[in-house]
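Source file: run.txt; contents: compact mmCIF, C-alpha atoms.
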```txt
# COMPACT_ATOMS: atom_id res chain seq x y z
CA MET D 28 81.34 31.34 -282.61
CA ASN D 29 84.41 33.45 -283.20
CA ILE D 30 85.75 34.10 -279.72
CA LEU D 31 88.47 36.54 -278.69
CA LEU D 32 90.45 35.73 -275.55
CA THR D 33 92.38 38.73 -274.23
CA GLY D 34 95.30 37.40 -272.21
CA GLY D 35 94.52 34.10 -273.88
CA SER D 36 97.98 32.56 -273.73
CA GLY D 37 98.09 32.63 -269.93
CA PHE D 38 97.33 29.79 -267.53
CA ILE D 39 93.54 29.94 -267.77
CA GLY D 40 93.37 31.33 -271.29
CA SER D 41 95.52 28.69 -272.98
CA ARG D 42 93.56 25.86 -271.40
CA LEU D 43 90.29 27.57 -272.30
CA ALA D 44 91.39 28.10 -275.89
CA LEU D 45 92.08 24.40 -276.41
CA LYS D 46 88.71 23.41 -274.95
CA LEU D 47 86.87 25.95 -277.10
CA LEU D 48 88.58 24.60 -280.20
CA GLN D 49 87.44 21.10 -279.26
CA ARG D 50 83.89 22.44 -279.09
CA GLY D 51 84.09 23.78 -282.64
CA HIS D 52 84.64 27.46 -281.93
CA LYS D 53 87.22 29.61 -283.67
CA VAL D 54 89.58 31.27 -281.23
CA ARG D 55 91.65 34.42 -281.49
CA VAL D 56 94.12 35.40 -278.76
CA LEU D 57 95.44 38.85 -277.93
CA ASP D 58 98.35 38.71 -275.47
CA LYS D 59 101.40 40.85 -274.72
CA LEU D 60 103.35 37.83 -273.34
CA THR D 61 104.36 39.28 -270.01
CA PRO D 62 107.75 37.88 -268.88
CA GLN D 63 106.44 37.50 -265.32
CA ILE D 64 104.07 34.83 -266.68
CA HIS D 65 105.93 33.53 -269.72
CA GLY D 66 109.54 33.77 -268.59
CA SER D 67 112.58 35.53 -269.99
CA LYS D 68 111.92 34.10 -273.47
CA PRO D 69 108.14 34.48 -273.69
CA GLU D 70 107.96 33.60 -277.40
CA GLY D 71 108.92 30.03 -276.45
CA SER D 72 106.89 29.62 -273.26
CA PRO D 73 105.06 26.29 -272.84
CA LEU D 74 101.73 28.07 -272.40
CA LEU D 75 102.09 29.88 -275.73
CA MET D 76 103.45 26.80 -277.48
CA SER D 77 100.36 24.84 -276.44
CA ILE D 78 98.10 27.06 -278.55
CA LEU D 79 100.40 28.47 -281.25
CA GLY D 80 99.30 27.34 -284.71
CA LYS D 81 95.87 26.38 -283.37
CA VAL D 82 94.50 29.85 -282.69
CA ASP D 83 94.77 33.18 -284.46
CA PHE D 84 97.42 34.76 -282.25
CA ILE D 85 98.00 38.52 -282.07
CA HIS D 86 100.96 39.75 -280.04
CA GLY D 87 99.64 42.96 -278.56
CA ASP D 88 98.58 44.88 -275.49
CA VAL D 89 94.96 45.22 -274.41
CA THR D 90 95.65 48.88 -273.59
CA ASN D 91 96.70 49.57 -277.19
CA GLU D 92 93.68 50.73 -279.19
CA ALA D 93 94.98 49.65 -282.61
CA ALA D 94 95.83 46.15 -281.37
CA LEU D 95 92.50 45.78 -279.58
CA ARG D 96 90.48 46.98 -282.57
CA LYS D 97 92.31 44.52 -284.82
CA ALA D 98 91.65 41.69 -282.39
CA LEU D 99 87.91 42.50 -282.16
CA GLU D 100 87.32 42.38 -285.91
CA GLY D 101 84.95 39.57 -286.89
CA GLN D 102 84.45 38.27 -283.33
CA HIS D 103 81.16 37.33 -281.69
CA ALA D 104 82.24 37.12 -278.05
CA VAL D 105 85.11 38.32 -275.85
CA VAL D 106 86.52 36.60 -272.78
CA HIS D 107 88.44 39.36 -271.05
CA LEU D 108 91.22 37.65 -269.11
CA ALA D 109 94.03 40.15 -269.70
CA ALA D 110 95.05 41.65 -266.36
CA GLU D 111 97.89 42.23 -263.98
CA THR D 112 97.43 39.74 -261.14
CA GLY D 113 98.73 39.48 -257.59
CA THR D 114 97.27 41.13 -254.52
CA GLY D 115 100.62 41.85 -252.88
CA GLN D 116 102.25 43.28 -255.99
CA SER D 117 99.26 45.50 -256.63
CA MET D 118 99.88 47.35 -253.38
CA TYR D 119 103.09 48.90 -254.69
CA GLN D 120 102.42 48.90 -258.45
CA ILE D 121 99.19 50.84 -258.22
CA ASP D 122 99.49 52.73 -261.49
CA LEU D 123 100.36 49.60 -263.51
CA TYR D 124 97.41 47.65 -262.14
CA SER D 125 95.04 50.55 -262.71
CA ARG D 126 96.25 51.22 -266.26
CA VAL D 127 96.07 47.60 -267.39
CA ASN D 128 93.06 46.28 -265.51
CA ILE D 129 90.80 49.32 -265.45
CA GLY D 130 92.25 51.02 -268.53
CA GLY D 131 92.14 47.90 -270.71
CA THR D 132 88.54 47.22 -269.75
CA SER D 133 87.55 50.85 -270.31
CA LEU D 134 89.12 50.81 -273.76
CA LEU D 135 87.37 47.58 -274.70
CA LEU D 136 83.98 48.92 -273.63
CA ASP D 137 84.63 52.28 -275.31
CA ILE D 138 85.20 50.52 -278.63
CA LEU D 139 82.06 48.43 -278.19
CA ALA D 140 79.97 51.45 -277.21
CA ASN D 141 81.06 53.63 -280.11
CA ASP D 142 81.85 51.18 -282.89
CA ASN D 143 80.58 47.72 -281.95
CA PRO D 144 82.24 45.31 -284.38
CA GLY D 145 79.62 42.60 -283.74
CA ILE D 146 80.36 41.47 -280.18
CA ARG D 147 77.30 39.88 -278.58
CA ARG D 148 78.70 38.83 -275.19
CA VAL D 149 81.56 39.89 -272.92
CA VAL D 150 82.72 37.42 -270.27
CA LEU D 151 84.87 39.10 -267.64
CA ALA D 152 87.39 37.25 -265.48
CA SER D 153 86.74 38.77 -262.08
CA SER D 154 88.00 37.56 -258.71
CA ARG D 155 87.01 36.61 -255.17
CA SER D 156 89.26 39.51 -254.16
CA VAL D 157 86.34 41.92 -254.71
CA TYR D 158 84.86 40.65 -251.43
CA GLY D 159 87.89 41.33 -249.27
CA GLU D 160 87.12 39.47 -246.08
CA GLY D 161 84.32 37.01 -246.68
CA LYS D 162 80.99 36.47 -244.98
CA TYR D 163 80.89 35.52 -241.29
CA HIS D 164 78.31 34.39 -238.74
CA SER D 165 78.17 35.99 -235.30
CA ALA D 166 76.31 34.31 -232.44
CA ASP D 167 75.50 37.82 -231.25
CA LEU D 168 74.53 39.63 -234.46
CA GLY D 169 73.96 37.03 -237.19
CA THR D 170 75.59 37.71 -240.58
CA VAL D 171 78.43 40.24 -240.47
CA TYR D 172 81.12 41.48 -242.84
CA PRO D 173 84.25 42.40 -240.86
CA GLU D 174 86.50 45.26 -241.85
CA HIS D 175 90.13 44.67 -242.69
CA ARG D 176 92.35 43.57 -239.84
CA LEU D 177 94.36 46.14 -237.89
CA LEU D 178 98.14 46.36 -237.67
CA VAL D 179 98.08 46.30 -233.86
CA ASP D 180 96.12 43.02 -233.84
CA MET D 181 98.38 41.39 -236.41
CA GLN D 182 101.50 42.43 -234.51
CA ALA D 183 100.05 40.82 -231.38
CA GLY D 184 99.40 37.57 -233.26
CA ASN D 185 95.62 38.03 -233.24
CA PHE D 186 94.92 36.99 -236.81
CA GLU D 187 91.23 36.13 -236.74
CA VAL D 188 88.84 38.88 -237.78
CA ARG D 189 86.75 40.79 -235.28
CA TYR D 190 83.50 42.70 -235.41
CA PRO D 191 82.20 45.35 -232.96
CA GLY D 192 79.68 43.96 -230.52
CA CYS D 193 80.58 40.31 -231.14
CA LYS D 194 81.92 38.52 -228.07
CA ALA D 195 82.06 34.97 -229.44
CA PRO D 196 84.51 34.06 -232.24
CA LEU D 197 83.18 34.67 -235.75
CA LYS D 198 82.57 31.65 -237.98
CA PRO D 199 83.44 31.92 -241.71
CA GLN D 200 80.49 31.33 -244.05
CA ALA D 201 80.34 30.64 -247.78
CA THR D 202 80.36 34.03 -249.51
CA ASP D 203 77.52 34.49 -252.01
CA GLU D 204 77.32 37.02 -254.84
CA GLU D 205 75.09 39.35 -252.81
CA SER D 206 77.70 39.65 -250.07
CA ARG D 207 79.33 42.96 -249.28
CA ILE D 208 81.97 44.17 -251.71
CA HIS D 209 84.94 45.71 -249.86
CA PRO D 210 88.25 44.70 -251.49
CA ALA D 211 91.39 44.71 -249.36
CA SER D 212 93.91 45.28 -252.18
CA VAL D 213 94.44 47.45 -255.23
CA TYR D 214 94.03 44.30 -257.34
CA GLY D 215 90.62 43.71 -255.77
CA ILE D 216 89.64 47.33 -256.39
CA THR D 217 90.56 47.03 -260.07
CA LYS D 218 88.47 43.87 -260.36
CA GLN D 219 85.54 45.64 -258.74
CA CYS D 220 85.91 48.50 -261.24
CA GLN D 221 86.11 46.05 -264.17
CA GLU D 222 82.90 44.38 -263.02
CA GLN D 223 81.02 47.63 -262.53
CA LEU D 224 82.13 48.95 -265.91
CA ALA D 225 81.12 45.80 -267.78
CA MET D 226 77.84 45.20 -265.96
CA THR D 227 76.83 48.86 -266.42
CA VAL D 228 77.96 49.57 -269.98
CA CYS D 229 77.22 46.29 -271.76
CA PRO D 230 73.46 46.06 -271.13
CA SER D 231 73.07 49.70 -272.13
CA ILE D 232 74.54 49.01 -275.59
CA GLY D 233 72.84 45.68 -276.23
CA VAL D 234 75.80 43.47 -275.32
CA GLU D 235 75.39 40.68 -272.78
CA ALA D 236 77.81 40.76 -269.86
CA VAL D 237 78.92 37.93 -267.59
CA ALA D 238 81.31 38.32 -264.65
CA LEU D 239 83.00 35.26 -263.16
CA ARG D 240 84.51 35.69 -259.71
CA TYR D 241 87.24 33.06 -259.76
CA GLN D 242 88.52 31.71 -256.47
CA ASN D 243 92.15 30.46 -256.20
CA VAL D 244 92.73 28.66 -259.51
CA PHE D 245 95.38 25.94 -259.64
CA GLY D 246 96.53 23.05 -261.78
CA PRO D 247 99.11 21.85 -264.30
CA GLY D 248 100.56 24.63 -266.40
CA GLN D 249 100.58 27.49 -263.93
CA THR D 250 103.83 29.37 -263.74
CA LEU D 251 106.12 28.05 -261.01
CA SER D 252 108.60 30.91 -261.15
CA ASN D 253 106.12 33.78 -260.73
CA PRO D 254 106.04 34.83 -257.05
CA TYR D 255 102.55 36.26 -257.54
CA THR D 256 101.00 33.20 -259.14
CA GLY D 257 99.58 31.71 -255.92
CA ILE D 258 100.73 29.72 -252.94
CA LEU D 259 100.45 26.25 -254.52
CA SER D 260 103.08 27.05 -257.13
CA ILE D 261 105.26 28.94 -254.68
CA PHE D 262 105.16 26.21 -252.03
CA ALA D 263 105.62 23.36 -254.54
CA ASN D 264 108.64 25.14 -255.99
CA LEU D 265 110.24 25.57 -252.57
CA ILE D 266 109.50 22.00 -251.44
CA MET D 267 111.01 20.55 -254.63
CA GLN D 268 114.17 22.57 -254.04
CA GLY D 269 114.38 21.56 -250.39
CA LYS D 270 114.02 25.16 -249.30
CA PRO D 271 112.11 26.25 -246.20
CA VAL D 272 108.52 27.39 -246.63
CA ASN D 273 107.64 30.49 -244.67
CA ILE D 274 103.99 30.16 -243.63
CA PHE D 275 102.44 33.50 -242.79
CA GLU D 276 100.26 34.17 -239.76
CA ASP D 277 99.46 30.86 -237.99
CA GLY D 278 98.80 28.78 -241.10
CA LEU D 279 95.09 28.54 -240.40
CA GLU D 280 94.02 31.19 -242.92
CA SER D 281 91.91 29.51 -245.58
CA ARG D 282 91.10 29.76 -249.27
CA ASP D 283 88.87 28.04 -251.83
CA PHE D 284 91.12 26.22 -254.32
CA VAL D 285 89.42 25.42 -257.64
CA TYR D 286 90.99 23.20 -260.31
CA ILE D 287 91.78 24.67 -263.72
CA ASP D 288 89.54 22.29 -265.70
CA ASP D 289 86.56 23.25 -263.54
CA VAL D 290 87.33 26.93 -264.13
CA VAL D 291 87.48 26.32 -267.88
CA ASP D 292 84.13 24.51 -267.81
CA ALA D 293 82.55 27.33 -265.82
CA THR D 294 83.92 29.90 -268.26
CA ILE D 295 82.52 28.00 -271.23
CA LEU D 296 79.12 28.04 -269.54
CA GLY D 297 79.57 31.79 -269.20
CA ILE D 298 80.21 32.02 -272.94
CA GLU D 299 77.55 29.63 -274.22
CA HIS D 300 74.71 29.39 -271.70
CA GLU D 301 71.70 31.61 -272.37
CA ASP D 302 70.95 32.05 -268.66
CA ALA D 303 74.41 33.46 -267.95
CA ALA D 304 73.58 36.80 -269.59
CA ASN D 305 74.00 39.91 -267.44
CA THR D 306 74.78 37.92 -264.29
CA ILE D 307 77.67 37.65 -261.83
CA PHE D 308 78.80 34.19 -260.69
CA ASN D 309 81.19 32.79 -258.11
CA VAL D 310 83.47 30.08 -259.50
CA GLY D 311 84.92 27.84 -256.81
CA THR D 312 84.32 24.65 -254.88
CA GLY D 313 82.64 26.01 -251.79
CA ILE D 314 85.20 24.20 -249.58
CA PRO D 315 87.84 26.10 -247.56
CA ILE D 316 91.36 24.66 -247.20
CA ASP D 317 93.79 26.16 -244.71
CA VAL D 318 97.35 27.03 -245.72
CA LEU D 319 99.02 24.59 -243.34
CA SER D 320 97.01 21.74 -244.88
CA VAL D 321 98.14 22.89 -248.32
CA VAL D 322 101.81 22.60 -247.36
CA LYS D 323 101.37 19.17 -245.78
CA THR D 324 99.40 17.84 -248.77
CA LEU D 325 101.95 19.15 -251.25
CA SER D 326 104.77 17.50 -249.30
CA GLU D 327 102.93 14.19 -249.29
CA LYS D 328 102.01 14.27 -252.97
CA LEU D 329 105.45 15.46 -254.09
CA GLY D 330 107.18 12.83 -251.97
CA ARG D 331 109.48 15.42 -250.45
CA PRO D 332 109.82 16.58 -246.84
CA SER D 333 108.52 20.09 -246.25
CA HIS D 334 110.67 22.30 -244.07
CA TYR D 335 108.03 24.79 -243.10
CA ARG D 336 108.10 27.51 -240.51
CA ILE D 337 104.99 29.10 -239.04
CA THR D 338 106.49 32.51 -238.50
CA GLY D 339 103.63 34.83 -237.64
CA ASP D 340 104.73 37.08 -240.49
CA PHE D 341 101.87 38.91 -242.19
CA ARG D 342 101.00 41.36 -244.90
CA LEU D 343 98.48 44.12 -244.42
CA GLY D 344 95.82 43.70 -247.09
CA ASP D 345 95.77 39.90 -246.88
CA ILE D 346 92.42 38.45 -245.92
CA ARG D 347 91.83 35.73 -243.34
CA HIS D 348 89.11 33.53 -244.86
CA ASN D 349 87.08 33.42 -248.05
CA PHE D 350 85.30 30.56 -249.78
CA ALA D 351 82.56 30.63 -252.37
CA ASP D 352 78.87 29.96 -252.24
CA ILE D 353 78.32 28.37 -255.66
CA THR D 354 74.55 27.97 -255.40
CA ARG D 355 73.82 30.49 -258.17
CA ILE D 356 76.10 29.03 -260.83
CA ASN D 357 74.84 25.55 -260.02
CA ARG D 358 71.18 26.58 -260.16
CA LEU D 359 71.31 28.72 -263.29
CA LEU D 360 74.08 27.09 -265.33
CA GLY D 361 74.30 23.58 -263.87
CA PHE D 362 77.93 24.00 -262.85
CA LYS D 363 79.34 21.51 -260.37
CA PRO D 364 83.08 21.08 -259.75
CA GLN D 365 84.37 17.73 -260.97
CA PHE D 366 87.69 17.85 -259.12
CA ASP D 367 88.01 17.85 -255.35
CA PHE D 368 91.17 19.27 -253.78
CA GLU D 369 92.76 15.84 -253.29
CA THR D 370 92.35 14.88 -256.96
CA GLY D 371 93.37 18.26 -258.27
CA ILE D 372 96.48 18.49 -256.12
CA THR D 373 97.51 15.00 -257.23
CA HIS D 374 97.37 16.06 -260.90
CA PHE D 375 99.20 19.27 -260.07
CA CYS D 376 102.01 17.50 -258.19
CA ASP D 377 102.42 14.90 -260.95
CA TRP D 378 102.95 17.77 -263.37
CA VAL D 379 105.37 19.58 -261.03
CA ARG D 380 107.57 16.48 -260.74
CA ALA D 381 107.56 16.01 -264.51
CA SER D 382 108.29 19.70 -265.18
CA GLY D 383 111.20 20.23 -262.82
CA VAL D 384 111.44 23.35 -260.70
CA GLN D 385 112.35 26.97 -261.26
CA ASP D 386 113.95 29.05 -258.56
CA SER D 387 111.63 31.95 -257.86
CA GLY D 388 113.80 33.24 -255.04
CA TYR D 389 110.58 33.72 -253.07
CA GLN D 390 110.23 32.54 -249.49
CA GLY D 391 106.54 31.86 -249.20
CA SER D 392 103.30 33.69 -248.62
CA SER D 393 99.84 33.03 -247.35
CA ASN D 394 97.82 34.62 -250.15
```

Can the structure in the file be given as structure tokens, please?
Amino acid sequence: MNILLTGGSGFIGSRLALKLLQRGHKVRVLDKLTPQIHGSKPEGSPLLMSILGKVDFIHGDVTNEAALRKALEGQHAVVHLAAETGTGQSMYQIDLYSRVNIGGTSLLLDILANDNPGIRRVVLASSRSVYGEGKYHSADLGTVYPEHRLLVDMQAGNFEVRYPGCKAPLKPQATDEESRIHPASVYGITKQCQEQLAMTVCPSIGVEAVALRYQNVFGPGQTLSNPYTGILSIFANLIMQGKPVNIFEDGLESRDFVYIDDVVDATILGIEHEDAANTIFNVGTGIPIDVLSVVKTLSEKLGRPSHYRITGDFRLGDIRHNFADITRINRLLGFKPQFDFETGITHFCDWVRASGVQDSGYQGSSN
């Protein structure tokens, strides 16, 4: 197939492009080369260099109609990765996130609806952030979906979620695709809108839609200097520089960390597999890892002492726990992660040591 990757020179996109080429597909990339991802000289970024000359690269913005129309010409499928990312940043750059994430998706679908250039499938990069807080079990009420945590509780150091009528502590459960959608950030809201747009419009115009709710993706190649790229890069950067790591809350908040090669494999299934059509899938490992364990593992694998501080700092909008139920993607598409956290973090740390470090100036986060 001829496959367009919007945002295809980023962390996931560049790795996906190379794997698609190996599988015999022809790949076109549309990317605006955001400095936050590609650095101050984006034309020479390692991510771009890894695919330049191998793909048909178009330097352009997904919100620009002329650039998007040009990129869509002659393509059979689109993997829509282009987006502003970062839950914290989205809370004070609301217009930017809405224009790029919602606006870019709206423009793409508008072109397909009114002048479909031959696209047969759209694969959307969604996010676990659409869930907000994940799924929990209450000994009193059974399955519950807690609302976002309150400022007064966070200030008092009560970081675990609560639910009215539940006396016993809530137990986090794997969050399946039928779980309640209630994003806790502007980023999550934009991902919810992207999903709803794609899953509503595409079937109505004869285009297959697939939405992949990625968990926390990590691995070699992710930007170390971007403070919104995720805690593994941020913490590894700080540890390598001998700087203190500020761990938010009590360090026991947990996430589902999924290795980049597993994400690429899941995305290829979303592109190629017949049973993926018009379906939403979680992409993760199904195993939660708490933030304090992340710091300790990074320190061990990097061979550097970690000077961490559990400060009790917090950000409103951060969630406490979320990890994926991957039953659906396993049952329908045969997806099973090949990299556990230990193996993936070893590969990541080997790459960090070989790459050197970049001073992000950031002092840690828990999301």

Sorted by chain and rising residue number, which residues of range 206-303 of chain D lie within 6 Å of range 329-337 of chain D, and what are their closest atom pairs and distances in Å to one decimal, counting all atoms listed in the file, as a tab-separated table?
```
residue	atom	partner	partner_atom	distance
D:Ile266	CA	D:Ser333	CA	5.6
D:Pro271	CA	D:His334	CA	4.7
D:Val272	CA	D:Tyr335	CA	4.4
D:Asn273	CA	D:Arg336	CA	5.1
D:Ile274	CA	D:Ile337	CA	4.8
D:Asp277	CA	D:Ile337	CA	5.9
```

Interface rows for range 149-237 of chain D against range 282-294 of chain D: nearest pair, Å to one decimal, 10 Å, all atoms listed in the file, as JSON lines:
```
{"residue": "D:Val150", "atom": "CA", "partner": "D:Thr294", "partner_atom": "CA", "distance": 7.9}
{"residue": "D:Leu151", "atom": "CA", "partner": "D:Thr294", "partner_atom": "CA", "distance": 9.3}
{"residue": "D:Ala152", "atom": "CA", "partner": "D:Thr294", "partner_atom": "CA", "distance": 8.6}
{"residue": "D:Arg155", "atom": "CA", "partner": "D:Asp283", "partner_atom": "CA", "distance": 9.4}
{"residue": "D:Ala201", "atom": "CA", "partner": "D:Asp283", "partner_atom": "CA", "distance": 9.8}
{"residue": "D:Val237", "atom": "CA", "partner": "D:Thr294", "partner_atom": "CA", "distance": 9.5}
```

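Residue neighbourhood of Gly248 in chain D, excluding near-sequence residues (fewer than 4 positions): D:Gly37, D:Phe38, D:Ile39, D:Ser41, D:Arg42, D:Pro73, D:Leu74, D:Ser260, D:Ile287, D:Phe375, D:Trp378, D:Val379, D:Ser382, at 10 Å, using all atoms listed in the file.
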
Next, the residues of the selection above should be written as a compact mmCIF listing (two decimals), in the frame of the given file with C-alpha atoms.
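Result file is again-v2.txt:
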```
# COMPACT_ATOMS: atom_id res chain seq x y z
CA GLY D 37 98.09 32.63 -269.93
CA PHE D 38 97.33 29.79 -267.53
CA ILE D 39 93.54 29.94 -267.77
CA SER D 41 95.52 28.69 -272.98
CA ARG D 42 93.56 25.86 -271.40
CA PRO D 73 105.06 26.29 -272.84
CA LEU D 74 101.73 28.07 -272.40
CA SER D 260 103.08 27.05 -257.13
CA ILE D 287 91.78 24.67 -263.72
CA PHE D 375 99.20 19.27 -260.07
CA TRP D 378 102.95 17.77 -263.37
CA VAL D 379 105.37 19.58 -261.03
CA SER D 382 108.29 19.70 -265.18
```

For this session: Go through D:Ala304, D:Leu134, D:Thr170, D:Pro247 one by one, measure the shortest atom-to-atom distance of each to Gln221 in chain D using all atoms listed in the file, and give the residue with the smallest value.
Result: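 Answer, going by the shortest atom-to-atom distance: D:Leu134.
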
For this session: Quick one: everything within 12 Å of range 188-196 of chain D, counting all atoms listed in the file, minus sequence neighbours fewer than 6 positions away in the same chain. Send it as number ranges by chain.
Result: D: 159-178, 180-181, 280, 345-349

Find the nearest atom pair between each residue of range 341-391 of chain D and range 113-122 of chain D for residues within 10 Å, count only C-alpha atoms, give distances in Å to one decimal, sort rows by chain and ascending number, and present the table as a Markdown table.
```
| residue | atom | partner | partner_atom | distance |
| --- | --- | --- | --- | --- |
| D:Arg342 | CA | D:Gly115 | CA | 8.0 |
| D:Leu343 | CA | D:Gly115 | CA | 9.0 |
| D:Gly344 | CA | D:Gly115 | CA | 7.7 |
| D:Asp345 | CA | D:Thr114 | CA | 7.9 |
```

Exercise. Suppose you want the space between CA of Gly40 in chain D and CA of Asn309 in chain D; what is it in Å?
Worked result: 18.0 Å

For this session: Show which residues sit within 9 Å of Ser36 in chain D, as a ChimeraX atom specification. Count only C-alpha atoms, and ignore same-chain residues fewer than 2 positions away.
Result: /D:32-34,38-42,44,56-58,60,65,74-79,84

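Minimum atom-to-atom distances from D:Ser156, D:Cys229, D:Phe245, D:Ser252 to Pro62 in chain D were compared using only C-alpha atoms, and the lowest value belongs to D:Ser252.
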
Exercise. Which value, in Å to one decimal, gives the distance between CA of Ser212 in chain D and CA of Phe308 in chain D?
Worked result: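 It comes out at 20.6 Å.
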
Exercise. CA of Ile298 in chain D and CA of Arg358 in chain D, how far apart in Å?
Worked result: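 For CA of Arg358 in chain D relative to CA of Ile298 in chain D, the distance reads 16.6 Å.
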
Exercise. Which residue gives the smallest distance to Ser326 in chain D among D:Leu360, D:Val244, D:Met267, D:Ile295, with all atoms listed in the file counted?
Worked result: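 Once distances to Ser326 in chain D are computed over all atoms listed in the file, the minimum belongs to D:Met267.
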
Non-local contacts of range 94-101 of chain D (10 Å; only C-alpha atoms; under 2 positions in same chain excluded) as an mmCIF file with C-alpha atoms, in the coordinates of the input:
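Done, and the output landed in part_33.cif:
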```cif
data_model
loop_
_atom_site.group_PDB
_atom_site.id
_atom_site.type_symbol
_atom_site.label_atom_id
_atom_site.label_comp_id
_atom_site.auth_asym_id
_atom_site.auth_seq_id
_atom_site.Cartn_x
_atom_site.Cartn_y
_atom_site.Cartn_z
ATOM 1 C CA MET D 28 81.340 31.340 -282.610
ATOM 2 C CA ASN D 29 84.410 33.450 -283.200
ATOM 3 C CA ILE D 30 85.750 34.100 -279.720
ATOM 4 C CA LEU D 31 88.470 36.540 -278.690
ATOM 5 C CA LEU D 32 90.450 35.730 -275.550
ATOM 6 C CA THR D 33 92.380 38.730 -274.230
ATOM 7 C CA ARG D 55 91.650 34.420 -281.490
ATOM 8 C CA VAL D 56 94.120 35.400 -278.760
ATOM 9 C CA LEU D 57 95.440 38.850 -277.930
ATOM 10 C CA ASP D 58 98.350 38.710 -275.470
ATOM 11 C CA ASP D 83 94.770 33.180 -284.460
ATOM 12 C CA PHE D 84 97.420 34.760 -282.250
ATOM 13 C CA ILE D 85 98.000 38.520 -282.070
ATOM 14 C CA HIS D 86 100.960 39.750 -280.040
ATOM 15 C CA GLY D 87 99.640 42.960 -278.560
ATOM 16 C CA ASP D 88 98.580 44.880 -275.490
ATOM 17 C CA VAL D 89 94.960 45.220 -274.410
ATOM 18 C CA THR D 90 95.650 48.880 -273.590
ATOM 19 C CA ASN D 91 96.700 49.570 -277.190
ATOM 20 C CA GLU D 92 93.680 50.730 -279.190
ATOM 21 C CA HIS D 103 81.160 37.330 -281.690
ATOM 22 C CA ALA D 104 82.240 37.120 -278.050
ATOM 23 C CA VAL D 105 85.110 38.320 -275.850
ATOM 24 C CA GLY D 131 92.140 47.900 -270.710
ATOM 25 C CA LEU D 134 89.120 50.810 -273.760
ATOM 26 C CA LEU D 135 87.370 47.580 -274.700
ATOM 27 C CA ILE D 138 85.200 50.520 -278.630
ATOM 28 C CA LEU D 139 82.060 48.430 -278.190
ATOM 29 C CA ASP D 142 81.850 51.180 -282.890
ATOM 30 C CA ASN D 143 80.580 47.720 -281.950
ATOM 31 C CA PRO D 144 82.240 45.310 -284.380
ATOM 32 C CA GLY D 145 79.620 42.600 -283.740
ATOM 33 C CA ILE D 146 80.360 41.470 -280.180
#
```

Exercise. For Glu299 in chain D, which of D:Asp203, D:Gly66, D:Leu108, D:Glu235 is the closest residue, counting only C-alpha atoms?
Worked result: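 Using only C-alpha atoms, the shortest distance to Glu299 in chain D belongs to D:Glu235.
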
Exercise. Taking into account only C-alpha atoms, which residue in the set D:Phe186, D:Tyr241, D:Tyr214, D:Phe366 is nearest to Arg126 in chain D?
Worked result: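 Once distances to Arg126 in chain D are computed over only C-alpha atoms, the minimum belongs to D:Tyr214.
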